[in-house]
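Asker: Below is final_17.cif; it holds mmCIF, C-alpha atoms.
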```cif
data_run
loop_
_atom_site.label_atom_id
_atom_site.label_comp_id
_atom_site.auth_asym_id
_atom_site.auth_seq_id
_atom_site.Cartn_x
_atom_site.Cartn_y
_atom_site.Cartn_z
CA MET H 1 10.23 32.63 11.69
CA THR H 2 11.11 29.42 9.93
CA ASN H 3 7.81 27.78 10.79
CA ASN H 4 6.60 27.72 7.21
CA ILE H 5 8.93 24.86 6.19
CA PRO H 6 6.67 22.08 4.87
CA ASN H 7 6.84 18.45 5.96
CA LYS H 8 9.17 16.48 3.69
CA PRO H 9 7.18 14.00 1.59
CA ALA H 10 8.65 10.52 2.05
CA ALA H 11 6.17 8.94 -0.35
CA ARG H 12 7.72 10.69 -3.39
CA VAL H 13 11.23 9.37 -2.64
CA LEU H 14 9.84 5.88 -2.04
CA THR H 15 7.87 5.95 -5.30
CA ILE H 16 10.93 7.05 -7.32
CA ALA H 17 13.07 4.31 -5.74
CA VAL H 18 10.46 1.61 -6.42
CA VAL H 19 9.97 2.76 -10.05
CA VAL H 20 13.76 2.78 -10.68
CA LEU H 21 14.12 -0.73 -9.24
CA ILE H 22 11.18 -2.08 -11.26
CA ALA H 23 12.58 -0.46 -14.43
CA THR H 24 15.96 -2.15 -13.80
CA PHE H 25 14.07 -5.39 -13.17
CA ALA H 26 12.36 -5.02 -16.59
CA VAL H 27 15.69 -4.28 -18.33
CA LEU H 28 17.21 -7.46 -16.87
CA VAL H 29 14.23 -9.57 -17.96
CA VAL H 30 14.28 -8.10 -21.50
CA GLY H 31 18.07 -8.61 -21.60
CA LYS H 32 17.64 -12.27 -20.69
CA GLU H 33 14.83 -12.84 -23.22
CA ASN H 34 16.89 -11.28 -26.04
CA ALA H 35 20.07 -13.09 -25.01
CA TRP H 36 21.97 -9.85 -24.30
CA LEU H 37 22.62 -11.14 -20.81
CA ASP H 38 23.79 -14.48 -19.48
CA PRO H 39 20.62 -16.20 -18.08
CA ASP H 40 22.30 -16.98 -14.74
CA LEU H 41 23.45 -13.39 -14.38
CA ALA H 42 19.94 -12.13 -15.19
CA LYS H 43 18.43 -14.54 -12.64
CA ARG H 44 20.85 -13.35 -9.96
CA GLY H 45 20.19 -9.72 -10.87
CA VAL H 46 16.39 -10.02 -10.80
CA SER H 47 16.45 -11.88 -7.48
CA ALA H 48 18.89 -9.42 -5.89
CA LEU H 49 16.59 -6.58 -7.00
CA LEU H 50 13.67 -8.19 -5.15
CA GLY H 51 15.80 -8.02 -2.00
CA MET H 52 16.63 -4.38 -2.74
CA LEU H 53 12.92 -3.58 -3.10
CA LEU H 54 12.44 -4.98 0.40
CA ILE H 55 15.33 -2.83 1.67
CA VAL H 56 13.82 0.34 0.15
CA CYS H 57 10.30 -0.42 1.45
CA GLY H 58 11.66 -1.31 4.90
CA ASN H 59 13.74 1.84 5.11
CA TYR H 60 10.92 4.24 4.24
CA LEU H 61 8.12 2.42 6.08
CA PRO H 62 8.49 4.38 9.36
CA LYS H 63 8.39 7.67 7.41
CA LEU H 64 5.00 7.09 5.81
CA THR H 65 2.14 9.16 7.14
CA ARG H 66 -0.38 7.47 9.40
CA LYS H 67 -4.01 8.36 9.92
CA PRO H 68 -4.43 11.01 12.64
CA ASP H 69 -6.50 8.69 14.86
CA ALA H 70 -3.79 6.00 14.91
CA ASP H 71 -1.89 5.12 18.08
CA THR H 72 1.15 6.85 16.62
CA ALA H 73 3.69 6.02 19.32
CA LEU H 74 3.10 2.27 19.32
CA LEU H 75 2.53 1.98 15.57
CA GLY H 76 5.70 4.00 14.97
CA LYS H 77 7.61 1.41 16.98
CA ALA H 78 5.90 -1.36 15.00
CA ASP H 79 6.90 0.26 11.72
CA ARG H 80 10.50 0.71 12.85
CA ALA H 81 10.71 -2.92 13.99
CA ALA H 82 9.03 -4.23 10.80
CA GLY H 83 11.27 -1.92 8.72
CA ARG H 84 14.40 -3.36 10.32
CA VAL H 85 13.15 -6.90 9.67
CA LEU H 86 12.46 -6.03 6.02
CA ILE H 87 15.92 -4.49 5.59
CA LEU H 88 17.69 -7.47 7.17
CA THR H 89 15.61 -9.88 5.07
CA GLY H 90 16.35 -7.88 1.91
CA LEU H 91 20.08 -7.68 2.68
CA ALA H 92 20.30 -11.41 3.39
CA PHE H 93 18.24 -12.31 0.30
CA SER H 94 20.27 -10.05 -2.02
CA ALA H 95 23.60 -11.13 -0.54
CA ILE H 96 22.74 -14.82 -1.02
CA TRP H 97 21.80 -14.24 -4.66
CA ILE H 98 24.94 -12.17 -5.34
CA ILE H 99 27.50 -14.29 -3.47
CA ALA H 100 26.29 -17.89 -3.10
CA PRO H 101 26.59 -20.54 -5.82
CA LEU H 102 23.44 -20.58 -7.96
CA ALA H 103 22.21 -24.01 -6.76
CA MET H 104 22.61 -22.99 -3.11
CA ALA H 105 21.02 -19.56 -3.68
CA THR H 106 17.96 -21.18 -5.28
CA ALA H 107 17.62 -23.54 -2.32
CA ILE H 108 18.06 -21.19 0.64
CA ALA H 109 17.26 -17.61 -0.45
CA SER H 110 13.49 -18.09 -0.58
CA ILE H 111 13.47 -19.80 2.82
CA VAL H 112 15.32 -16.77 4.24
CA GLY H 113 12.75 -14.52 2.53
CA LEU H 114 9.79 -16.47 3.90
CA VAL H 115 11.20 -16.43 7.45
CA GLY H 116 11.56 -12.64 7.06
CA ALA H 117 7.95 -12.45 5.83
CA PHE H 118 6.59 -14.20 8.91
CA ALA H 119 8.81 -12.08 11.17
CA CYS H 120 7.64 -8.85 9.49
CA PHE H 121 3.91 -9.57 9.50
CA GLY H 122 4.27 -11.10 12.97
CA THR H 123 5.80 -7.84 14.24
CA TRP H 124 2.92 -5.81 12.80
CA ALA H 125 0.27 -8.19 14.15
CA TRP H 126 1.84 -8.38 17.62
CA THR H 127 2.11 -4.60 17.96
CA ALA H 128 -1.39 -4.03 16.62
CA ARG H 129 -2.78 -6.29 19.34
CA ARG H 130 -1.11 -4.07 21.96
CA ALA H 131 -2.10 -0.86 20.16
CA GLU H 132 -5.78 -1.57 19.92
CA GLY H 133 -6.44 -3.35 23.16
CA GLY H 134 -6.52 -6.87 21.80
CA SER H 135 -7.84 -6.21 18.31
CA ALA H 136 -6.13 -8.45 15.79
CA ARG H 137 -5.81 -5.87 12.98
CA LEU H 138 -2.35 -5.72 11.43
CA ALA H 139 -0.47 -2.51 12.24
CA ILE H 140 0.07 -1.78 8.55
CA THR H 141 -3.66 -2.02 7.71
CA ALA H 142 -4.78 -0.33 10.92
CA THR H 143 -3.37 2.92 9.52
CA ASP H 144 -4.13 2.41 5.87
CA THR H 145 -3.43 5.57 3.95
CA ALA H 146 -3.19 4.89 0.21
CA VAL H 147 0.63 4.88 0.21
CA ARG H 148 0.84 2.51 3.16
CA ALA H 149 -1.66 0.15 1.55
CA GLY H 150 0.50 0.26 -1.61
CA VAL H 151 3.67 -0.55 0.34
CA ALA H 152 1.88 -3.41 2.14
CA MET H 153 0.82 -4.78 -1.25
CA ILE H 154 4.40 -4.54 -2.64
CA VAL H 155 5.81 -6.32 0.42
CA LEU H 156 3.11 -8.98 0.28
CA SER H 157 3.76 -9.53 -3.45
CA ILE H 158 7.51 -9.91 -2.91
CA PHE H 159 6.93 -12.41 -0.13
CA PHE H 160 4.48 -14.30 -2.31
CA THR H 161 7.17 -14.39 -5.02
CA PHE H 162 9.51 -16.06 -2.51
CA GLY H 163 6.75 -18.59 -1.88
CA ILE H 164 6.40 -19.26 -5.61
CA PHE H 165 10.18 -19.80 -5.87
CA GLU H 166 9.91 -22.46 -3.15
CA ILE H 167 6.83 -24.09 -4.72
CA ASP H 168 8.71 -24.18 -8.04
CA ARG H 169 11.72 -25.82 -6.37
CA ILE H 170 9.69 -28.41 -4.45
CA TRP H 171 6.65 -29.21 -6.65
CA GLY H 172 7.77 -27.99 -10.04
CA ASP H 173 6.90 -25.45 -12.68
CA GLN H 174 3.19 -26.22 -13.05
CA ALA H 175 2.36 -25.82 -9.35
CA ALA H 176 4.27 -22.52 -9.32
CA GLN H 177 2.33 -21.24 -12.34
CA TRP H 178 -1.02 -22.11 -10.71
CA SER H 179 0.08 -20.37 -7.51
CA ALA H 180 0.98 -17.25 -9.48
CA ILE H 181 -2.42 -17.27 -11.23
CA ILE H 182 -4.26 -17.64 -7.90
CA PHE H 183 -2.27 -14.75 -6.40
CA ALA H 184 -2.95 -12.55 -9.44
CA LEU H 185 -6.69 -13.30 -9.08
CA MET H 186 -6.53 -12.41 -5.39
CA ILE H 187 -4.94 -9.05 -6.29
CA VAL H 188 -7.66 -8.38 -8.89
CA ILE H 189 -10.40 -9.27 -6.40
CA ALA H 190 -8.74 -7.16 -3.70
CA GLY H 191 -8.46 -4.21 -6.07
CA GLY H 192 -12.06 -4.47 -7.26
CA SER H 193 -13.92 -5.38 -4.13
CA PRO H 194 -14.38 -2.95 -1.22
CA ALA H 195 -15.73 -5.81 0.88
CA TYR H 196 -12.52 -7.79 0.35
CA MET H 197 -10.42 -4.76 1.34
CA ARG H 198 -12.52 -4.37 4.50
CA PHE H 199 -11.92 -8.06 5.19
CA LEU H 200 -8.17 -7.62 4.73
CA ARG H 201 -8.20 -4.68 7.16
CA ARG H 202 -9.79 -6.90 9.79
CA ILE H 203 -7.07 -9.60 9.57
CA MET A 1 21.26 13.42 3.50
CA ASN A 2 23.27 16.56 4.24
CA THR A 3 20.31 18.16 6.00
CA VAL A 4 19.92 14.99 8.08
CA PHE A 5 23.55 15.12 9.27
CA LYS A 6 23.18 18.84 10.00
CA ALA A 7 20.03 18.19 12.04
CA LEU A 8 21.61 15.33 13.97
CA SER A 9 24.83 17.23 14.70
CA ASP A 10 23.15 19.26 17.45
CA PRO A 11 22.61 17.63 20.89
CA THR A 12 19.40 19.59 21.55
CA ARG A 13 17.83 18.35 18.35
CA ARG A 14 18.91 14.81 19.22
CA GLU A 15 17.25 15.26 22.63
CA VAL A 16 14.06 16.41 20.89
CA LEU A 17 14.12 13.26 18.74
CA THR A 18 14.67 11.12 21.85
CA LEU A 19 11.63 12.77 23.50
CA LEU A 20 9.51 12.09 20.42
CA ARG A 21 10.34 8.37 20.56
CA ASP A 22 7.71 8.11 23.32
CA GLY A 23 5.04 9.51 21.00
CA PRO A 24 3.84 12.77 19.46
CA LYS A 25 4.22 15.90 21.60
CA SER A 26 3.19 19.51 21.25
CA ALA A 27 5.79 22.23 20.64
CA GLY A 28 4.98 23.57 24.10
CA GLU A 29 5.56 20.23 25.83
CA ILE A 30 8.91 19.80 24.08
CA SER A 31 10.02 23.38 24.70
CA ALA A 32 9.18 23.01 28.41
CA GLU A 33 11.92 20.38 28.64
CA PHE A 34 14.62 22.82 27.52
CA ALA A 35 15.92 25.97 29.14
CA VAL A 36 15.96 27.99 25.94
CA SER A 37 13.88 30.68 24.29
CA LYS A 38 10.91 29.84 22.09
CA PRO A 39 12.46 31.32 18.91
CA THR A 40 15.56 29.15 19.40
CA MET A 41 13.40 26.08 19.89
CA SER A 42 11.36 27.05 16.85
CA ALA A 43 14.56 27.19 14.79
CA HIS A 44 15.49 23.69 15.99
CA PHE A 45 12.04 22.39 14.99
CA ALA A 46 12.45 23.97 11.56
CA VAL A 47 15.81 22.23 11.00
CA LEU A 48 14.34 18.87 12.04
CA ARG A 49 11.34 19.37 9.77
CA GLU A 50 13.49 20.45 6.84
CA ALA A 51 15.55 17.26 7.24
CA GLY A 52 12.33 15.23 7.25
CA LEU A 53 13.09 13.72 10.65
CA VAL A 54 9.85 14.99 12.20
CA ARG A 55 6.49 15.99 10.83
CA SER A 56 4.18 18.59 12.29
CA GLU A 57 0.47 19.17 12.20
CA LYS A 58 -1.76 21.82 13.72
CA GLN A 59 -4.37 20.72 16.26
CA GLY A 60 -6.26 23.81 17.30
CA LYS A 61 -3.66 26.28 18.50
CA ALA A 62 -1.07 23.61 19.26
CA VAL A 63 1.52 22.29 16.80
CA ILE A 64 2.02 18.57 17.31
CA TYR A 65 5.35 17.02 16.35
CA GLN A 66 5.90 13.35 15.67
CA LEU A 67 8.90 11.27 14.72
CA GLN A 68 9.34 10.48 11.02
CA MET A 69 12.75 8.80 10.70
CA SER A 70 13.57 6.12 8.17
CA VAL A 71 15.43 3.04 9.44
CA LEU A 72 18.69 4.39 7.96
CA GLU A 73 18.18 7.80 9.59
CA ASP A 74 17.39 6.02 12.86
CA ALA A 75 20.69 4.14 12.58
CA VAL A 76 22.59 7.39 11.87
CA PHE A 77 20.81 8.92 14.88
CA GLY A 78 22.00 6.00 17.02
CA PHE A 79 25.59 6.43 15.78
CA THR A 80 25.63 10.21 16.38
CA ASN A 81 24.23 9.63 19.86
CA MET A 82 26.99 7.10 20.47
CA PHE A 83 29.86 9.07 18.98
CA GLY A 84 28.48 12.60 18.84
CA LEU A 85 28.79 15.55 21.15
CA SER A 86 28.62 14.39 24.77
CA PRO A 87 26.50 16.32 27.32
CA ALA A 88 29.68 17.71 28.92
CA GLU A 89 30.84 19.09 25.58
CA ALA A 90 27.39 20.47 24.93
CA GLN A 91 27.48 22.51 28.17
CA SER A 92 30.76 24.10 27.20
CA ASN A 93 29.45 24.97 23.72
CA PRO A 94 27.31 28.15 23.70
CA GLU A 95 25.72 27.10 20.41
CA THR A 96 24.19 24.02 21.96
CA LEU A 97 21.40 23.83 24.48
CA ASN A 98 20.88 21.91 27.67
CA ARG A 99 17.87 20.16 29.13
CA LYS A 100 16.21 21.71 32.20
CA GLY A 101 17.44 20.15 35.41
CA SER A 102 21.07 20.29 34.41
CA GLU A 103 20.89 24.07 33.84
CA ASN A 104 19.01 26.40 36.15
CA ASP A 105 20.33 29.72 34.95
CA GLN A 106 17.26 30.67 32.90
#
```
Could you write out this structure as structure tokens?
Answerer:
Amino acid sequence: MTNNIPNKPAARVLTIAVVVLIATFAVLVVGKENAWLDPDLAKRGVSALLGMLLIVCGNYLPKLTRKPDADTALLGKADRAAGRVLILTGLAFSAIWIIAPLAMATAIASIVGLVGAFACFGTWAWTARRAEGGSARLAITATDTAVRAGVAMIVLSIFFTFGIFEIDRIWGDQAAQWSAIIFALMIVIAGGSPAYMRFLRRI
Amino acid sequence: MNTVFKALSDPTRREVLTLLRDGPKSAGEISAEFAVSKPTMSAHFAVLREAGLVRSEKQGKAVIYQLQMSVLEDAVFGFTNMFGLSPAEAQSNPETLNRKGSENDQ
């Protein structure tokens, strides 16, 4: 019969979407640096793209394959809930950067993003506690296939960017630069150290 | 997206997706809920899989299905459930299938 139809790979669509968005991001940055684009327009564009990355990641999150031993029913619900939070956060963040006056966007967009970050990771953590009988592992890391770990890293990086925006606004350029360096070092350590990855999975 | 709309246009397939919201189920468990032949059910599974709304994996002799809907597809599913073919319409349509309990003719 028609049983030989393969499962549709969601990861490929997600990867293409993320690559296209990052390429657009790079074009905007290069355009700003070479004065092809108005700096304010480039800033709005880059920030709105961050929101769109969240929308794409949130939309495809529930489609990503989990490990076979995962509590699929509960973790599926966690992914759907976290996905909705990511989409709403991304929509709000992008809309603020597209519509609001620049001064207001700078002030409130990152706060909206950070609230979304806590809501998203809170959803994963709360569901994981129920899924694993009280274990505090995050739902996203409890089922860490390579693609899911990649998506978690993208989402975490975007949320950290929101944090850097806020640090820049409150404490200035130098504090923001140091924060960015510390985060980059954390990524390098996480990428190079299996022990650190095991630690992250236990959070 | 066309395959998604096609998959969601049928009330039986929407019922299958509703069943899978509670967790993964075998093809046999799902089929037992519907008063239709296995080949018909198999065709429905194939449409859902082709649309990427469910994924399947073999565990021994059983084929286990689990939900694999994006947030957007989930929203479209909600809308089609809200505005789609009602159960009454489904009964009058020979192309659509009814859950056991409402139909005892098979």
Asker: Exactly which residues make up the result of the PyMOL selection byres ((chain H and resi 35-52) around 6) on this file, given as a PyMOL selection string?
Answerer: chain H and resi 25+28+31-34+53-55+90+93-94+97
Asker: Which is closer to A:Ala46 than all the others in A:Leu19, A:Met1, A:Ala75, A:Ala27, using all atoms listed in the file?
Answerer: A:Ala27
Asker: Should the cut-off be 7 Å, what would the residue list for chain A against chain H look like, counting only C-alpha atoms, as a VMD selection string?
Answerer: chain A and resid 22 to 24 43 46 49 to 50 52 55 to 56 68 to 72
Asker: So what do you get for atom CA of H:Arg169 versus atom CA of H:Val19, distance-wise?
Answerer: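 Going from atom CA of H:Arg169 over to atom CA of H:Val19, I get 28.9 Å.
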Asker: Compile the contact shell of H:Leu114 as number ranges by chain: residues with an atom at most 9 Å away, counting only C-alpha atoms, same-chain residues fewer than 6 positions apart removed.
Answerer: H: 89, 159-160, 162-163
Asker: Any chance you can output those residues with C-alpha atoms as a PDB file, in the frame of the given file?
Answerer:
```
ATOM      1  CA  THR H  89      15.610  -9.880   5.070  1.00  0.00           C
ATOM      2  CA  PHE H 159       6.930 -12.410  -0.130  1.00  0.00           C
ATOM      3  CA  PHE H 160       4.480 -14.300  -2.310  1.00  0.00           C
ATOM      4  CA  PHE H 162       9.510 -16.060  -2.510  1.00  0.00           C
ATOM      5  CA  GLY H 163       6.750 -18.590  -1.880  1.00  0.00           C
TER       6      GLY H 163
END
```
